[in-house]
Amino acid sequence: MNLQSKIEILAESAKYDVSCSSSGSERNAKKGMIGNTALPGICHSWSSDGRCISLLKILMSNNCVYDCAYCVNRRSNDFRRASFTPEELADITMNFYKRNYIEGLFLSSAVIRNPDYTMEQMIKVAQLLREEKGYNGYIHLKAIPGADHKLIETAGYYADRMSLNLEVPTQNNLQLLAPEKTQEAITSPMLHVKNKIDELAHYNKREISKPFVPAGQTTQLMVGATNDSDLTIMHLSERMYKQMKLKRVYYSAYIPVVKDNNLLPAQVDTPLLREHRLYQADWLLRFYKFNAHELLTKEAPNFDPLLDPKCNWALLHYDKFPIEINRADYYLLLRIPGIGPTSARRIVETRRFAYLNFEDLKKMGVVLKRAQHFILCKGKFYGQKNIRIELLKQLLTSNNRQTDQLLNNQINLFNLYPQTFDKTLRA
Amino acid sequence: MVILHDGQFTSLLSAIYDAYYIYKHDCTIYQDTDYTPDLIEETVMVFTQSDKADKVAKSIIAKLGKEVFEHLLYAFYAEEKESSNSIYQFLKYAFLRGPDVIQYRSHPQVNPMLNHYQRVTREGHRMLGLIRFVEMETGLLVSQFESDTFLLPLLSSHFLNRMTNENWMLHDLKRGLASVCNGTTWNIIQLNSTDTLKLSNNELHYQELWQIYFVHIAIKERKNSKLQSQMMPKKYWKYLIEKPL
């Protein structure tokens, strides 16, 4: 098989992995070597689905011994198979990197023979790149569940970032869909890497010869394949951030790759919009200091498809608003819809010089369309006065380009909220 | 009074010197090519005078710091009509109030300069990813691109840091300038065409692999051309190896 077909097949097999970021690691180039890493990461291209291409995201092999129901690479799928040799992959990575096509390598693999063998093959690629080819750029390695912890540790010394995909949020559903995997087998290597990172954090940087997973760990959860609610997913993510100290949890809207399986839905309603809402909530957890239980409750365990989670929270806590932007502290500013970490920081910086008025906020990058209903500037309120919550909700949901794009006529506004619309039409 | 400079940063600094000491602040500064003369406004042309430029540069660094100086330099690279004047207006205010005013984002003498600065750093960051090198027979890596703002210094220092033992050239076709690097330093030269260079043997092979990869990494069920061209505007597609559609 020639390289062209290999790259075609193994890119096809790797594309459902969402993670592609090259961020979180900062390393200068070394003399005689090629490559460095940039802390914010760099995107190099965008494919036709609008997702960025930062790393060469590819599988070592798609010849899998497992039979996970949700996966295209499962052994029962009649499908073209291919494998790279470590030399081929190292060569492609070097040449792509040199031409600035990519920011690094994201290597994953189906389980070839057994987890240990697979992990060894992947380590070989990283070793070739780092020790023989003089490659100093970004490497993201997927840890294979069930591989020996020693091997995973070795991989960690070559990689910038490691990841293990949970895919299915609950143990029961995992048992059903991926009988060869257990949640424990997925989380135990993750815990091992976390403990190692914690252990090395006690040392001075100079005492450690090689950095160990400097950009931390990530994971991925599948959305829409199982009946798990957004609440379950958010609680799991929160646990992952707090206990496992993960850098990112990715959410992947399930695309029915399997047609005739009674365990999985053949068609999923608006998974993309749901994925989008989960990402918004995920950002609220990481950068806005929200807790999962603030965003969702047992009574309303799923996000409103029409309204972003932050606006939703603000409407539920409308009694806390409006907030005076000249007085509120940073964390309170972050709770206002339309204000993010950047604009909140700028507001805090700028008001040391002068009282801010409504026009100034535009220059800070505040989205006034949303923020105006929740703020006071020099004591003055600029939103609509005496507005009922239902109407405000409508104002906030109308003409939202992003939502419209994702909705794509997949659900009908009127069918979704018959009561709301009846009420407002009557009023 | 309108002071015109010839498009060099040093000549802008000289103009600022004159604005301070000769015209006592009663002026605006433009690049000569951006300015359309009118009947009322008196204009004067200023060229680089290295002693004046030096003095201004030194006092900016001493009183306002290196970070502010870098902001001003990048704001200048925006190459917009108002960018020279925004730098002058910022300096007038900053010399009165100190370097912290760079955080006074809402001030009319600070805000325009920061906007110009942001235009350059934004496009610069985007370009760090969108630059594509082509390997020539001699091993030289050549990249052609066009950008709205002047990015050669920003891009050059990035690639110098990244590739320690490669020879490369960044060719800004819009301005007819190129930055040439031998692995240790880079220089900007005037250059119009690189057509005489031949591709290396493997070049087309890797280009093909990349094109194949680009097509097959996309999830077809999720096609979203609007998002794609939003993230990667079409004006940058011309020099890419892959063919987005």
# chains A, B, ... in the order shown; residues from 1 in each chain; ligands from 1

$ interface_residues --of "chain A" --to "chain B" --cutoff "7 Å" --atoms "only C-alpha atoms" --output "PyMOL selection string"
chain A and resi 4+7-8+11-12+15+29+31-36+42-50+99-101+349-350+353+360+363

$ write_last_selection --atoms "N, CA and C atoms" --output "PDB file, in the first residue's frame"
ATOM      1  N   GLN A   4       0.074   7.451   0.020  1.00  0.00           N
ATOM      2  CA  GLN A   4      -1.129   8.246  -0.255  1.00  0.00           C
ATOM      3  C   GLN A   4      -2.379   7.577   0.312  1.00  0.00           C
ATOM      4  N   ILE A   7      -2.339   7.523   4.235  1.00  0.00           N
ATOM      5  CA  ILE A   7      -2.678   8.786   4.899  1.00  0.00           C
ATOM      6  C   ILE A   7      -4.179   9.053   4.765  1.00  0.00           C
ATOM      7  N   GLU A   8      -4.744   8.638   3.632  1.00  0.00           N
ATOM      8  CA  GLU A   8      -6.173   8.811   3.403  1.00  0.00           C
ATOM      9  C   GLU A   8      -6.978   7.999   4.424  1.00  0.00           C
ATOM     10  N   ALA A  11      -6.276   9.071   8.213  1.00  0.00           N
ATOM     11  CA  ALA A  11      -6.846  10.375   8.576  1.00  0.00           C
ATOM     12  C   ALA A  11      -8.353  10.218   8.733  1.00  0.00           C
ATOM     13  N   GLU A  12      -8.971   9.475   7.832  1.00  0.00           N
ATOM     14  CA  GLU A  12     -10.410   9.191   7.936  1.00  0.00           C
ATOM     15  C   GLU A  12     -10.742   8.579   9.295  1.00  0.00           C
ATOM     16  N   LYS A  15     -10.418  11.195  12.340  1.00  0.00           N
ATOM     17  CA  LYS A  15     -11.096  12.495  12.314  1.00  0.00           C
ATOM     18  C   LYS A  15     -12.143  12.686  13.387  1.00  0.00           C
ATOM     19  N   ALA A  29      13.295  26.795  20.998  1.00  0.00           N
ATOM     20  CA  ALA A  29      14.024  25.881  20.135  1.00  0.00           C
ATOM     21  C   ALA A  29      15.385  25.583  20.739  1.00  0.00           C
ATOM     22  N   LYS A  31      19.395  24.436  19.850  1.00  0.00           N
ATOM     23  CA  LYS A  31      20.319  24.523  18.723  1.00  0.00           C
ATOM     24  C   LYS A  31      20.455  23.174  18.037  1.00  0.00           C
ATOM     25  N   GLY A  32      20.430  23.199  16.705  1.00  0.00           N
ATOM     26  CA  GLY A  32      20.583  21.961  15.956  1.00  0.00           C
ATOM     27  C   GLY A  32      19.304  21.155  15.834  1.00  0.00           C
ATOM     28  N   MET A  33      18.251  21.576  16.548  1.00  0.00           N
ATOM     29  CA  MET A  33      16.981  20.877  16.442  1.00  0.00           C
ATOM     30  C   MET A  33      15.969  21.771  15.741  1.00  0.00           C
ATOM     31  N   ILE A  34      14.869  21.169  15.317  1.00  0.00           N
ATOM     32  CA  ILE A  34      13.843  21.964  14.670  1.00  0.00           C
ATOM     33  C   ILE A  34      12.606  21.987  15.555  1.00  0.00           C
ATOM     34  N   GLY A  35      12.058  23.189  15.754  1.00  0.00           N
ATOM     35  CA  GLY A  35      10.776  23.258  16.422  1.00  0.00           C
ATOM     36  C   GLY A  35      10.784  23.877  17.797  1.00  0.00           C
ATOM     37  N   ASN A  36       9.687  24.542  18.111  1.00  0.00           N
ATOM     38  CA  ASN A  36       9.428  25.044  19.449  1.00  0.00           C
ATOM     39  C   ASN A  36       7.926  24.932  19.664  1.00  0.00           C
ATOM     40  N   ILE A  42      -1.094  27.340  17.850  1.00  0.00           N
ATOM     41  CA  ILE A  42      -1.262  27.982  16.548  1.00  0.00           C
ATOM     42  C   ILE A  42      -2.088  27.066  15.655  1.00  0.00           C
ATOM     43  N   CYS A  43      -3.135  27.614  15.044  1.00  0.00           N
ATOM     44  CA  CYS A  43      -3.914  26.836  14.086  1.00  0.00           C
ATOM     45  C   CYS A  43      -3.329  27.048  12.698  1.00  0.00           C
ATOM     46  N   HIS A  44      -3.246  25.991  11.908  1.00  0.00           N
ATOM     47  CA  HIS A  44      -2.612  26.130  10.602  1.00  0.00           C
ATOM     48  C   HIS A  44      -3.578  26.114   9.436  1.00  0.00           C
ATOM     49  N   SER A  45      -4.713  25.476   9.620  1.00  0.00           N
ATOM     50  CA  SER A  45      -5.678  25.483   8.537  1.00  0.00           C
ATOM     51  C   SER A  45      -7.047  25.143   9.104  1.00  0.00           C
ATOM     52  N   TRP A  46      -8.069  25.250   8.276  1.00  0.00           N
ATOM     53  CA  TRP A  46      -9.416  24.874   8.711  1.00  0.00           C
ATOM     54  C   TRP A  46     -10.034  23.987   7.642  1.00  0.00           C
ATOM     55  N   SER A  47     -10.476  22.803   8.026  1.00  0.00           N
ATOM     56  CA  SER A  47     -11.031  21.878   7.039  1.00  0.00           C
ATOM     57  C   SER A  47     -12.467  22.270   6.719  1.00  0.00           C
ATOM     58  N   SER A  48     -13.070  21.575   5.769  1.00  0.00           N
ATOM     59  CA  SER A  48     -14.370  22.017   5.256  1.00  0.00           C
ATOM     60  C   SER A  48     -15.492  21.904   6.287  1.00  0.00           C
ATOM     61  N   ASP A  49     -15.249  21.231   7.426  1.00  0.00           N
ATOM     62  CA  ASP A  49     -16.264  21.232   8.474  1.00  0.00           C
ATOM     63  C   ASP A  49     -16.051  22.393   9.449  1.00  0.00           C
ATOM     64  N   GLY A  50     -15.076  23.255   9.151  1.00  0.00           N
ATOM     65  CA  GLY A  50     -14.853  24.438   9.969  1.00  0.00           C
ATOM     66  C   GLY A  50     -13.995  24.187  11.189  1.00  0.00           C
ATOM     67  N   ARG A  99       7.498  22.583   6.536  1.00  0.00           N
ATOM     68  CA  ARG A  99       6.780  23.412   5.566  1.00  0.00           C
ATOM     69  C   ARG A  99       5.686  24.250   6.220  1.00  0.00           C
ATOM     70  N   ASN A 100       5.615  24.150   7.549  1.00  0.00           N
ATOM     71  CA  ASN A 100       4.636  24.913   8.327  1.00  0.00           C
ATOM     72  C   ASN A 100       3.189  24.522   8.025  1.00  0.00           C
ATOM     73  N   TYR A 101       2.955  23.262   7.644  1.00  0.00           N
ATOM     74  CA  TYR A 101       1.580  22.794   7.476  1.00  0.00           C
ATOM     75  C   TYR A 101       0.941  22.539   8.834  1.00  0.00           C
ATOM     76  N   GLU A 349      -8.937  47.118  34.646  1.00  0.00           N
ATOM     77  CA  GLU A 349      -7.746  47.950  34.415  1.00  0.00           C
ATOM     78  C   GLU A 349      -8.122  49.405  34.151  1.00  0.00           C
ATOM     79  N   THR A 350      -9.101  49.586  33.263  1.00  0.00           N
ATOM     80  CA  THR A 350      -9.405  50.930  32.798  1.00  0.00           C
ATOM     81  C   THR A 350     -10.059  51.796  33.861  1.00  0.00           C
ATOM     82  N   PHE A 353      -8.441  54.507  35.920  1.00  0.00           N
ATOM     83  CA  PHE A 353      -8.172  55.829  35.367  1.00  0.00           C
ATOM     84  C   PHE A 353      -9.417  56.703  35.337  1.00  0.00           C
ATOM     85  N   ASP A 360     -17.951  53.616  26.560  1.00  0.00           N
ATOM     86  CA  ASP A 360     -16.609  53.069  26.792  1.00  0.00           C
ATOM     87  C   ASP A 360     -16.606  51.549  26.718  1.00  0.00           C
ATOM     88  N   LYS A 363     -15.572  49.792  23.597  1.00  0.00           N
ATOM     89  CA  LYS A 363     -14.135  49.722  23.329  1.00  0.00           C
ATOM     90  C   LYS A 363     -13.457  48.612  24.115  1.00  0.00           C
TER      91      LYS A 363
END

$ residues_around --residues "segment 318-331 of chain A" --least-positions-apart "2" --cutoff "8 Å" --atoms "only C-alpha atoms" --output "list in words"
Tyr288, Lys289, Ala314, Leu315, Leu316, Leu333, Leu334, Arg335, Ile336, Ala344, Arg345, Ile347, Val348, Arg351, Tyr355, Leu356, His373, Phe374, Ile375, Leu376, Cys377, Lys378, Gly379 and Phe381 of chain A

$ select_by_dssp --residues "segment 181-332 of chain A" --states "strand (DSSP E)" --output "PyMOL selection string"
chain A and resi 217-223+248-253+323-324

$ atom_distance --atom1 "atom CA of Val56 of chain B" --atom2 "atom CA of Glu80 of chain B"
21.8 Å

$ residues_around --residues "segment 170-179 of chain A" --least-positions-apart "4" --cutoff "10 Å" --atoms "only C-alpha atoms" --output "ChimeraX atom specification"
/A:66-71,74,166,183-184,225-228,232-233,236,263-264

$ write_last_selection --atoms "N, CA and C atoms" --output "PDB file, in the first residue's frame"
ATOM      1  N   TYR A  66     -10.533  -4.506  19.282  1.00  0.00           N
ATOM      2  CA  TYR A  66     -11.725  -4.253  20.087  1.00  0.00           C
ATOM      3  C   TYR A  66     -12.951  -4.107  19.194  1.00  0.00           C
ATOM      4  N   ASP A  67     -14.104  -4.137  19.838  1.00  0.00           N
ATOM      5  CA  ASP A  67     -15.342  -4.037  19.079  1.00  0.00           C
ATOM      6  C   ASP A  67     -16.306  -3.051  19.744  1.00  0.00           C
ATOM      7  N   CYS A  68     -15.864  -1.794  19.927  1.00  0.00           N
ATOM      8  CA  CYS A  68     -16.715  -0.798  20.567  1.00  0.00           C
ATOM      9  C   CYS A  68     -17.790  -0.351  19.578  1.00  0.00           C
ATOM     10  N   ALA A  69     -19.032  -0.422  20.007  1.00  0.00           N
ATOM     11  CA  ALA A  69     -20.153  -0.225  19.097  1.00  0.00           C
ATOM     12  C   ALA A  69     -20.150   1.136  18.408  1.00  0.00           C
ATOM     13  N   TYR A  70     -19.670   2.193  19.106  1.00  0.00           N
ATOM     14  CA  TYR A  70     -19.763   3.544  18.568  1.00  0.00           C
ATOM     15  C   TYR A  70     -18.637   3.912  17.605  1.00  0.00           C
ATOM     16  N   CYS A  71     -17.663   3.017  17.436  1.00  0.00           N
ATOM     17  CA  CYS A  71     -16.428   3.413  16.754  1.00  0.00           C
ATOM     18  C   CYS A  71     -16.375   2.884  15.324  1.00  0.00           C
ATOM     19  N   ARG A  74     -14.017  -0.367  14.795  1.00  0.00           N
ATOM     20  CA  ARG A  74     -14.264  -1.651  15.484  1.00  0.00           C
ATOM     21  C   ARG A  74     -14.049  -2.824  14.533  1.00  0.00           C
ATOM     22  N   LEU A 166     -12.678   9.076  27.518  1.00  0.00           N
ATOM     23  CA  LEU A 166     -13.709   8.360  28.277  1.00  0.00           C
ATOM     24  C   LEU A 166     -14.844   7.924  27.351  1.00  0.00           C
ATOM     25  N   GLN A 183     -14.427   1.564  32.862  1.00  0.00           N
ATOM     26  CA  GLN A 183     -14.080   2.949  33.169  1.00  0.00           C
ATOM     27  C   GLN A 183     -12.797   2.998  34.006  1.00  0.00           C
ATOM     28  N   GLU A 184     -12.627   1.972  34.822  1.00  0.00           N
ATOM     29  CA  GLU A 184     -11.442   1.916  35.667  1.00  0.00           C
ATOM     30  C   GLU A 184     -10.174   1.819  34.812  1.00  0.00           C
ATOM     31  N   ALA A 225     -24.978   9.894  21.900  1.00  0.00           N
ATOM     32  CA  ALA A 225     -25.056   8.472  21.582  1.00  0.00           C
ATOM     33  C   ALA A 225     -25.802   7.714  22.674  1.00  0.00           C
ATOM     34  N   THR A 226     -25.680   8.202  23.907  1.00  0.00           N
ATOM     35  CA  THR A 226     -26.355   7.542  25.013  1.00  0.00           C
ATOM     36  C   THR A 226     -27.387   8.496  25.616  1.00  0.00           C
ATOM     37  N   ASN A 227     -28.161   8.000  26.563  1.00  0.00           N
ATOM     38  CA  ASN A 227     -29.227   8.833  27.119  1.00  0.00           C
ATOM     39  C   ASN A 227     -28.762   9.703  28.290  1.00  0.00           C
ATOM     40  N   ASP A 228     -27.462   9.858  28.481  1.00  0.00           N
ATOM     41  CA  ASP A 228     -26.968  10.648  29.607  1.00  0.00           C
ATOM     42  C   ASP A 228     -27.325  12.118  29.443  1.00  0.00           C
ATOM     43  N   THR A 232     -25.319  15.089  33.972  1.00  0.00           N
ATOM     44  CA  THR A 232     -24.352  14.014  34.221  1.00  0.00           C
ATOM     45  C   THR A 232     -23.009  14.365  33.600  1.00  0.00           C
ATOM     46  N   ILE A 233     -23.067  14.859  32.375  1.00  0.00           N
ATOM     47  CA  ILE A 233     -21.830  15.174  31.659  1.00  0.00           C
ATOM     48  C   ILE A 233     -21.072  16.307  32.348  1.00  0.00           C
ATOM     49  N   LEU A 236     -19.444  15.165  35.524  1.00  0.00           N
ATOM     50  CA  LEU A 236     -18.257  14.371  35.210  1.00  0.00           C
ATOM     51  C   LEU A 236     -17.094  15.288  34.815  1.00  0.00           C
ATOM     52  N   LEU A 263     -28.368  -0.618  19.986  1.00  0.00           N
ATOM     53  CA  LEU A 263     -27.894   0.072  21.189  1.00  0.00           C
ATOM     54  C   LEU A 263     -27.743   1.567  20.949  1.00  0.00           C
ATOM     55  N   LEU A 264     -27.537   1.924  19.682  1.00  0.00           N
ATOM     56  CA  LEU A 264     -27.241   3.319  19.374  1.00  0.00           C
ATOM     57  C   LEU A 264     -28.331   3.929  18.509  1.00  0.00           C
TER      58      LEU A 264
END

$ select_by_dssp --residues "segment 19-206 of chain B" --states "alpha helix (DSSP H)" --output "VMD selection string"
chain B and resid 19 to 21 50 to 64 66 to 77 83 to 97 111 to 130 152 to 162 203 to 206

$ write_last_selection --atoms "C-alpha atoms" --output "mmCIF file, in the first residue's frame"
data_model
loop_
_atom_site.group_PDB
_atom_site.id
_atom_site.type_symbol
_atom_site.label_atom_id
_atom_site.label_comp_id
_atom_site.auth_asym_id
_atom_site.auth_seq_id
_atom_site.Cartn_x
_atom_site.Cartn_y
_atom_site.Cartn_z
ATOM 1 C CA ALA B 19 6.192 68.238 16.373
ATOM 2 C CA TYR B 20 7.449 68.606 19.942
ATOM 3 C CA TYR B 21 10.236 71.095 19.545
ATOM 4 C CA SER B 50 18.890 59.743 12.836
ATOM 5 C CA ASP B 51 19.916 61.955 15.761
ATOM 6 C CA LYS B 52 16.317 63.106 16.296
ATOM 7 C CA ALA B 53 14.877 59.628 15.813
ATOM 8 C CA ASP B 54 17.411 58.227 18.249
ATOM 9 C CA LYS B 55 16.506 60.747 20.909
ATOM 10 C CA VAL B 56 12.789 60.011 20.615
ATOM 11 C CA ALA B 57 13.308 56.229 20.613
ATOM 12 C CA LYS B 58 15.556 56.429 23.646
ATOM 13 C CA SER B 59 13.184 58.584 25.625
ATOM 14 C CA ILE B 60 10.232 56.299 24.793
ATOM 15 C CA ILE B 61 12.149 53.288 26.086
ATOM 16 C CA ALA B 62 13.468 55.130 29.133
ATOM 17 C CA LYS B 63 10.216 56.775 30.180
ATOM 18 C CA LEU B 64 7.597 54.351 28.923
ATOM 19 C CA LYS B 66 10.187 48.480 25.977
ATOM 20 C CA GLU B 67 6.703 47.040 25.956
ATOM 21 C CA VAL B 68 5.165 50.357 24.982
ATOM 22 C CA PHE B 69 7.804 50.813 22.311
ATOM 23 C CA GLU B 70 6.859 47.444 20.819
ATOM 24 C CA HIS B 71 3.192 48.431 20.873
ATOM 25 C CA LEU B 72 4.008 51.590 18.944
ATOM 26 C CA LEU B 73 6.131 49.746 16.408
ATOM 27 C CA TYR B 74 3.386 47.224 15.734
ATOM 28 C CA ALA B 75 0.737 49.940 15.559
ATOM 29 C CA PHE B 76 2.916 51.547 12.894
ATOM 30 C CA TYR B 77 2.989 48.280 10.927
ATOM 31 C CA SER B 83 -1.758 54.862 12.458
ATOM 32 C CA SER B 84 1.076 57.433 12.486
ATOM 33 C CA ASN B 85 -1.143 60.039 14.009
ATOM 34 C CA SER B 86 -2.498 57.621 16.612
ATOM 35 C CA ILE B 87 1.059 56.916 17.746
ATOM 36 C CA TYR B 88 1.801 60.635 18.055
ATOM 37 C CA GLN B 89 -1.432 61.281 19.948
ATOM 38 C CA PHE B 90 -0.692 58.398 22.303
ATOM 39 C CA LEU B 91 2.810 59.674 22.991
ATOM 40 C CA LYS B 92 1.563 63.170 23.762
ATOM 41 C CA TYR B 93 -0.683 61.721 26.452
ATOM 42 C CA ALA B 94 1.677 59.019 27.722
ATOM 43 C CA PHE B 95 4.577 61.424 28.279
ATOM 44 C CA LEU B 96 2.264 63.434 30.510
ATOM 45 C CA ARG B 97 0.727 60.563 32.476
ATOM 46 C CA ASN B 111 -7.778 53.643 21.992
ATOM 47 C CA PRO B 112 -6.901 54.226 18.305
ATOM 48 C CA MET B 113 -3.270 53.201 18.835
ATOM 49 C CA LEU B 114 -4.312 49.999 20.596
ATOM 50 C CA ASN B 115 -6.710 49.165 17.787
ATOM 51 C CA HIS B 116 -3.950 49.472 15.216
ATOM 52 C CA TYR B 117 -1.687 47.357 17.384
ATOM 53 C CA GLN B 118 -4.347 44.707 17.683
ATOM 54 C CA ARG B 119 -4.919 44.574 13.932
ATOM 55 C CA VAL B 120 -1.272 43.711 13.426
ATOM 56 C CA THR B 121 -0.938 41.150 16.197
ATOM 57 C CA ARG B 122 -4.207 39.480 15.159
ATOM 58 C CA GLU B 123 -3.247 39.121 11.531
ATOM 59 C CA GLY B 124 0.260 38.187 12.590
ATOM 60 C CA HIS B 125 -0.936 35.329 14.758
ATOM 61 C CA ARG B 126 -3.185 34.085 11.991
ATOM 62 C CA MET B 127 -0.318 34.269 9.509
ATOM 63 C CA LEU B 128 1.987 32.223 11.748
ATOM 64 C CA GLY B 129 -0.274 29.305 10.904
ATOM 65 C CA LEU B 130 -1.109 30.153 7.302
ATOM 66 C CA LEU B 152 7.800 40.485 8.081
ATOM 67 C CA PRO B 153 9.492 41.380 11.409
ATOM 68 C CA LEU B 154 6.904 39.536 13.497
ATOM 69 C CA LEU B 155 6.951 36.434 11.291
ATOM 70 C CA SER B 156 10.715 36.426 10.907
ATOM 71 C CA SER B 157 11.453 36.382 14.607
ATOM 72 C CA HIS B 158 8.964 33.522 15.029
ATOM 73 C CA PHE B 159 10.532 31.350 12.350
ATOM 74 C CA LEU B 160 14.071 32.213 13.387
ATOM 75 C CA ASN B 161 13.239 30.946 16.850
ATOM 76 C CA ARG B 162 11.527 27.849 15.488
ATOM 77 C CA GLU B 203 8.360 18.750 -2.760
ATOM 78 C CA LEU B 204 5.389 17.699 -4.876
ATOM 79 C CA HIS B 205 5.168 14.364 -3.071
ATOM 80 C CA TYR B 206 4.686 16.017 0.326
#

$ residues_around --residues "Leu278 of chain A" --least-positions-apart "3" --cutoff "12 Å" --atoms "only C-alpha atoms" --output "PyMOL selection string"
chain A and resi 221-224+229-235+237+249-253+271-275+281-285+292+295-296+302-305+307-310

$ atom_distance --atom1 "atom CA of Leu56 of chain A" --atom2 "atom CA of Glu26 of chain A"
18.8 Å

$ atom_distance --atom1 "atom CA of Leu200 of chain A" --atom2 "atom CA of Ile58 of chain A"
29.9 Å

$ residues_around --residues "Val72 of chain A" --least-positions-apart "2" --cutoff "12 Å" --atoms "only C-alpha atoms" --output "NGL selection string"
:A and (9-10 or 12-17 or 62-64 or 66-70 or 74-81 or 110 or 254-259)

$ write_last_selection --atoms "N, CA and C atoms" --output "short mmCIF file (atom, residue, chain, number, x, y, z; two decimals), in the first residue's frame"
data_model
loop_
_atom_site.label_atom_id
_atom_site.label_comp_id
_atom_site.auth_asym_id
_atom_site.auth_seq_id
_atom_site.Cartn_x
_atom_site.Cartn_y
_atom_site.Cartn_z
N ILE A 9 -6.64 6.71 4.54
CA ILE A 9 -7.40 5.81 5.42
C ILE A 9 -7.24 6.20 6.88
N LEU A 10 -6.01 6.51 7.27
CA LEU A 10 -5.76 6.73 8.69
C LEU A 10 -6.16 8.13 9.16
N GLU A 12 -8.97 9.47 7.83
CA GLU A 12 -10.41 9.19 7.94
C GLU A 12 -10.74 8.58 9.30
N SER A 13 -9.89 7.66 9.74
CA SER A 13 -10.16 6.97 11.00
C SER A 13 -9.92 7.85 12.21
N ALA A 14 -9.07 8.87 12.05
CA ALA A 14 -8.70 9.69 13.20
C ALA A 14 -9.62 10.88 13.37
N LYS A 15 -10.42 11.20 12.34
CA LYS A 15 -11.10 12.50 12.31
C LYS A 15 -12.14 12.69 13.39
N TYR A 16 -12.65 11.58 13.98
CA TYR A 16 -13.69 11.76 15.00
C TYR A 16 -13.13 12.19 16.35
N ASP A 17 -11.82 12.16 16.47
CA ASP A 17 -11.21 12.70 17.68
C ASP A 17 -11.26 14.22 17.56
N ASN A 62 -5.45 1.40 12.06
CA ASN A 62 -6.87 1.30 12.41
C ASN A 62 -7.32 -0.16 12.48
N ASN A 63 -6.32 -1.02 12.67
CA ASN A 63 -6.57 -2.45 12.70
C ASN A 63 -6.86 -2.88 14.14
N CYS A 64 -8.12 -2.74 14.55
CA CYS A 64 -8.41 -2.84 15.98
C CYS A 64 -8.89 -4.23 16.38
N TYR A 66 -10.53 -4.51 19.28
CA TYR A 66 -11.72 -4.25 20.09
C TYR A 66 -12.95 -4.11 19.19
N ASP A 67 -14.10 -4.14 19.84
CA ASP A 67 -15.34 -4.04 19.08
C ASP A 67 -16.31 -3.05 19.74
N CYS A 68 -15.86 -1.79 19.93
CA CYS A 68 -16.71 -0.80 20.57
C CYS A 68 -17.79 -0.35 19.58
N ALA A 69 -19.03 -0.42 20.01
CA ALA A 69 -20.15 -0.22 19.10
C ALA A 69 -20.15 1.14 18.41
N TYR A 70 -19.67 2.19 19.11
CA TYR A 70 -19.76 3.54 18.57
C TYR A 70 -18.64 3.91 17.60
N ARG A 74 -14.02 -0.37 14.80
CA ARG A 74 -14.26 -1.65 15.48
C ARG A 74 -14.05 -2.82 14.53
N ARG A 75 -13.66 -3.98 15.12
CA ARG A 75 -13.20 -5.07 14.26
C ARG A 75 -14.32 -5.66 13.40
N SER A 76 -15.58 -5.51 13.85
CA SER A 76 -16.66 -6.09 13.06
C SER A 76 -17.07 -5.23 11.87
N ASN A 77 -16.47 -4.04 11.77
CA ASN A 77 -16.80 -3.17 10.65
C ASN A 77 -16.01 -3.59 9.41
N ASP A 78 -16.72 -3.82 8.30
CA ASP A 78 -16.04 -4.20 7.07
C ASP A 78 -15.53 -2.94 6.39
N PHE A 79 -14.20 -2.81 6.30
CA PHE A 79 -13.67 -1.47 6.17
C PHE A 79 -12.18 -1.58 5.82
N ARG A 80 -11.64 -0.62 5.09
CA ARG A 80 -10.22 -0.71 4.70
C ARG A 80 -9.30 -0.50 5.90
N ARG A 81 -8.28 -1.31 6.00
CA ARG A 81 -7.35 -1.22 7.14
C ARG A 81 -5.96 -0.83 6.65
N ALA A 110 -5.59 2.53 16.91
CA ALA A 110 -6.47 1.43 17.30
C ALA A 110 -5.60 0.44 18.05
N TYR A 254 -22.19 12.96 18.61
CA TYR A 254 -22.17 11.63 18.00
C TYR A 254 -22.75 11.69 16.59
N ILE A 255 -21.99 11.15 15.66
CA ILE A 255 -22.48 11.03 14.30
C ILE A 255 -22.73 9.55 14.05
N PRO A 256 -23.96 9.18 13.66
CA PRO A 256 -24.29 7.76 13.53
C PRO A 256 -23.43 7.09 12.46
N VAL A 257 -22.30 6.54 12.90
CA VAL A 257 -21.43 5.83 11.97
C VAL A 257 -21.89 4.38 11.81
N VAL A 258 -22.72 3.97 12.75
CA VAL A 258 -23.24 2.60 12.70
C VAL A 258 -24.73 2.70 12.43
N LYS A 259 -25.19 2.02 11.39
CA LYS A 259 -26.60 2.18 11.05
C LYS A 259 -27.48 1.15 11.75
#

$ residues_around --residues "Glu199 of chain A" --least-positions-apart "5" --cutoff "12 Å" --atoms "only C-alpha atoms" --output "CSV table (one decimal) with N, CA and C atoms, in the first residue's frame"
chain,number,residue,atom,x,y,z
A,192,HIS,N,-2.5,7.8,37.1
A,192,HIS,CA,-1.0,7.6,37.2
A,192,HIS,C,-0.2,8.8,36.7
A,193,VAL,N,-0.6,9.3,35.5
A,193,VAL,CA,0.0,10.4,34.9
A,193,VAL,C,-0.1,11.6,35.8
A,194,LYS,N,-1.4,11.8,36.3
A,194,LYS,CA,-1.6,13.0,37.2
A,194,LYS,C,-0.7,12.9,38.4
A,204,ASN,N,12.6,21.4,41.6
A,204,ASN,CA,13.0,22.5,40.8
A,204,ASN,C,13.1,22.1,39.4
A,208,ILE,N,15.0,18.3,37.0
A,208,ILE,CA,14.3,17.3,36.1
A,208,ILE,C,15.0,17.4,34.7
A,212,PHE,N,7.8,16.4,31.9
A,212,PHE,CA,6.9,15.3,31.9
A,212,PHE,C,5.5,15.8,31.6
